Amino acid sequence: MIRIEIIANHSVEENILEALAKENAGKHYTKYPNILGVGSTGPRMGDSVWPEENFSLVIWCEEEEARAIQQAVASVKEKFPGEGIKIFGL
């Protein structure tokens with residue numbers, strides 16, 4: 001089993017979920033709706049200075065599904081290169 005973690009800005013959440021559905025992958029996930037922090041694209045603190053927030057999806061899957069998830073996320077990153085979309089696999 002592989003643990004996939006996707007962290008991205010709320011502005012692309014729907015795009016990521018649609019891309020996962022298109023790849024028929026990532027149907028079962030845990031969602032952390034409000035993630036705060038500082039990444040390579042800047043702070044996301046949900047306050048008046050840095051109002052944006054991220055979300056996270058955690059998906060446990062087999063290797064084949066992990067590849068499909070990676071492809072789905074890559075397609076969204078291509079459309080929105082400045083949104084700080086990250087994917088990690090363990």
# chains A, B, ... in the order shown; residues from 1 in each chain; ligands from 1
$ select_by_dssp --residues "chain A" --states "strand (DSSP E)" --output "MDAnalysis selection string"
chainID A and resid 2:9 30:35 37:39 42:44 54:61 86:89
$ residues_around --residues "Ala68 (chain A)" --least-positions-apart "3" --cutoff "8 Å" --atoms "only C-alpha atoms" --output "ChimeraX atom specification"
/A:20,23-25,64-65,71-72
$ write_last_selection --atoms "C-alpha atoms" --output "PDB file, in the first residue's frame"
ATOM      1  CA  LEU A  20      -9.224  12.201 -10.002  1.00  0.00           C
ATOM      2  CA  GLU A  23      -8.729   9.015 -14.020  1.00  0.00           C
ATOM      3  CA  ASN A  24     -11.140   6.824 -12.011  1.00  0.00           C
ATOM      4  CA  ALA A  25      -8.768   7.073  -9.035  1.00  0.00           C
ATOM      5  CA  GLU A  64      -1.359   1.309 -10.116  1.00  0.00           C
ATOM      6  CA  GLU A  65      -3.903   3.690  -8.588  1.00  0.00           C
ATOM      7  CA  GLN A  71      -1.260  11.766 -13.516  1.00  0.00           C
ATOM      8  CA  ALA A  72      -4.454  13.502 -12.383  1.00  0.00           C
TER       9      ALA A  72
END
$ atom_distance --atom1 "CA of Ser11 (chain A)" --atom2 "CA of Asn34 (chain A)"
12.3 Å
$ closest_residue --among "A:Leu36, A:Glu52, A:Ile2, A:Ala19" --to "Ser75 (chain A)" --atoms "only C-alpha atoms"
A:Ala19
$ select_by_dssp --residues "chain A" --states "alpha helix (DSSP H)" --output "list in words"
Glu13, Glu14, Asn15, Ile16, Leu17, Glu18, Ala19, Leu20, Ala21, Lys22, Glu63, Glu64, Glu65, Ala66, Arg67, Ala68, Ile69, Gln70, Gln71, Ala72, Val73, Ala74, Ser75, Val76, Lys77, Glu78 and Lys79 of chain A
$ write_last_selection --atoms "N, CA and C atoms" --output "compact mmCIF listing (two decimals), in the first residue's frame"
# COMPACT_ATOMS: atom_id res chain seq x y z
N GLU A 13 -9.33 22.93 -5.63
CA GLU A 13 -9.88 21.70 -5.02
C GLU A 13 -10.82 20.98 -5.98
N GLU A 14 -11.77 21.71 -6.56
CA GLU A 14 -12.73 21.09 -7.47
C GLU A 14 -12.02 20.53 -8.70
N ASN A 15 -11.00 21.23 -9.19
CA ASN A 15 -10.25 20.75 -10.35
C ASN A 15 -9.55 19.43 -10.04
N ILE A 16 -8.98 19.32 -8.85
CA ILE A 16 -8.30 18.08 -8.46
C ILE A 16 -9.29 16.93 -8.34
N LEU A 17 -10.42 17.18 -7.69
CA LEU A 17 -11.42 16.12 -7.55
C LEU A 17 -11.96 15.68 -8.91
N GLU A 18 -12.16 16.62 -9.82
CA GLU A 18 -12.61 16.27 -11.17
C GLU A 18 -11.56 15.46 -11.92
N ALA A 19 -10.29 15.85 -11.79
CA ALA A 19 -9.21 15.12 -12.46
C ALA A 19 -9.09 13.70 -11.91
N LEU A 20 -9.25 13.54 -10.59
CA LEU A 20 -9.22 12.20 -10.00
C LEU A 20 -10.38 11.35 -10.54
N ALA A 21 -11.57 11.95 -10.63
CA ALA A 21 -12.72 11.21 -11.16
C ALA A 21 -12.50 10.81 -12.62
N LYS A 22 -11.89 11.71 -13.39
CA LYS A 22 -11.61 11.41 -14.80
C LYS A 22 -10.65 10.23 -14.94
N GLU A 63 -0.15 0.58 -6.07
CA GLU A 63 0.76 1.31 -6.95
C GLU A 63 0.10 1.77 -8.26
N GLU A 64 -0.71 0.94 -8.85
CA GLU A 64 -1.36 1.31 -10.12
C GLU A 64 -2.26 2.53 -9.94
N GLU A 65 -3.04 2.54 -8.86
CA GLU A 65 -3.90 3.69 -8.59
C GLU A 65 -3.06 4.92 -8.25
N ALA A 66 -1.95 4.73 -7.57
CA ALA A 66 -1.07 5.86 -7.24
C ALA A 66 -0.56 6.54 -8.50
N ARG A 67 -0.24 5.76 -9.52
CA ARG A 67 0.21 6.34 -10.79
C ARG A 67 -0.91 7.17 -11.44
N ALA A 68 -2.14 6.68 -11.37
CA ALA A 68 -3.28 7.41 -11.94
C ALA A 68 -3.52 8.71 -11.16
N ILE A 69 -3.37 8.65 -9.85
CA ILE A 69 -3.52 9.86 -9.02
C ILE A 69 -2.44 10.87 -9.38
N GLN A 70 -1.23 10.39 -9.53
CA GLN A 70 -0.12 11.28 -9.89
C GLN A 70 -0.40 11.95 -11.24
N GLN A 71 -0.92 11.21 -12.19
CA GLN A 71 -1.26 11.77 -13.52
C GLN A 71 -2.35 12.82 -13.38
N ALA A 72 -3.36 12.55 -12.58
CA ALA A 72 -4.45 13.50 -12.38
C ALA A 72 -3.94 14.81 -11.79
N VAL A 73 -3.10 14.70 -10.76
CA VAL A 73 -2.55 15.90 -10.12
C VAL A 73 -1.64 16.65 -11.08
N ALA A 74 -0.85 15.93 -11.86
CA ALA A 74 0.04 16.57 -12.84
C ALA A 74 -0.76 17.38 -13.86
N SER A 75 -1.92 16.87 -14.27
CA SER A 75 -2.73 17.61 -15.24
C SER A 75 -3.26 18.92 -14.66
N VAL A 76 -3.58 18.92 -13.37
CA VAL A 76 -4.06 20.15 -12.72
C VAL A 76 -2.89 21.11 -12.51
N LYS A 77 -1.74 20.58 -12.11
CA LYS A 77 -0.56 21.44 -11.93
C LYS A 77 -0.18 22.13 -13.23
N GLU A 78 -0.36 21.45 -14.35
CA GLU A 78 -0.04 22.03 -15.66
C GLU A 78 -0.95 23.22 -15.96
N LYS A 79 -2.24 23.11 -15.58
CA LYS A 79 -3.20 24.20 -15.82
C LYS A 79 -3.02 25.36 -14.85
$ residues_around --residues "Ile6 (chain A)" --least-positions-apart "4" --cutoff "9 Å" --atoms "only C-alpha atoms" --output "list in words"
Phe55, Ser56, Leu57, Val58, Ile59, Val73, Ile85, Lys86, Ile87, Phe88 and Gly89 of chain A
$ residues_around --residues "Glu83 (chain A)" --least-positions-apart "4" --cutoff "8 Å" --atoms "only C-alpha atoms" --output "list of chain:residue names"
A:Ala8, A:Asn9, A:Val12, A:Thr41, A:Lys77
$ write_last_selection --atoms "N, CA and C atoms" --output "PDB file, in the first residue's frame"
ATOM      1  N   ALA A   8      -2.975  21.336  -1.534  1.00  0.00           N
ATOM      2  CA  ALA A   8      -3.178  22.345  -2.575  1.00  0.00           C
ATOM      3  C   ALA A   8      -4.074  23.471  -2.057  1.00  0.00           C
ATOM      4  N   ASN A   9      -4.056  24.566  -2.788  1.00  0.00           N
ATOM      5  CA  ASN A   9      -4.901  25.714  -2.489  1.00  0.00           C
ATOM      6  C   ASN A   9      -6.368  25.345  -2.726  1.00  0.00           C
ATOM      7  N   VAL A  12      -8.142  25.279  -6.287  1.00  0.00           N
ATOM      8  CA  VAL A  12      -8.067  24.186  -7.273  1.00  0.00           C
ATOM      9  C   VAL A  12      -8.662  22.873  -6.746  1.00  0.00           C
ATOM     10  N   THR A  41       5.290  28.459  -2.341  1.00  0.00           N
ATOM     11  CA  THR A  41       4.511  29.513  -2.993  1.00  0.00           C
ATOM     12  C   THR A  41       4.009  30.562  -2.004  1.00  0.00           C
ATOM     13  N   LYS A  77      -1.740  20.584 -12.107  1.00  0.00           N
ATOM     14  CA  LYS A  77      -0.560  21.442 -11.931  1.00  0.00           C
ATOM     15  C   LYS A  77      -0.184  22.133 -13.235  1.00  0.00           C
TER      16      LYS A  77
END
$ atom_distance --atom1 "CA of Pro33 (chain A)" --atom2 "CA of Gly46 (chain A)"
12.0 Å
$ closest_residue --among "A:Trp60, A:Met1, A:Gly26, A:Gly82" --to "Ser40 (chain A)" --atoms "only C-alpha atoms"
A:Gly82
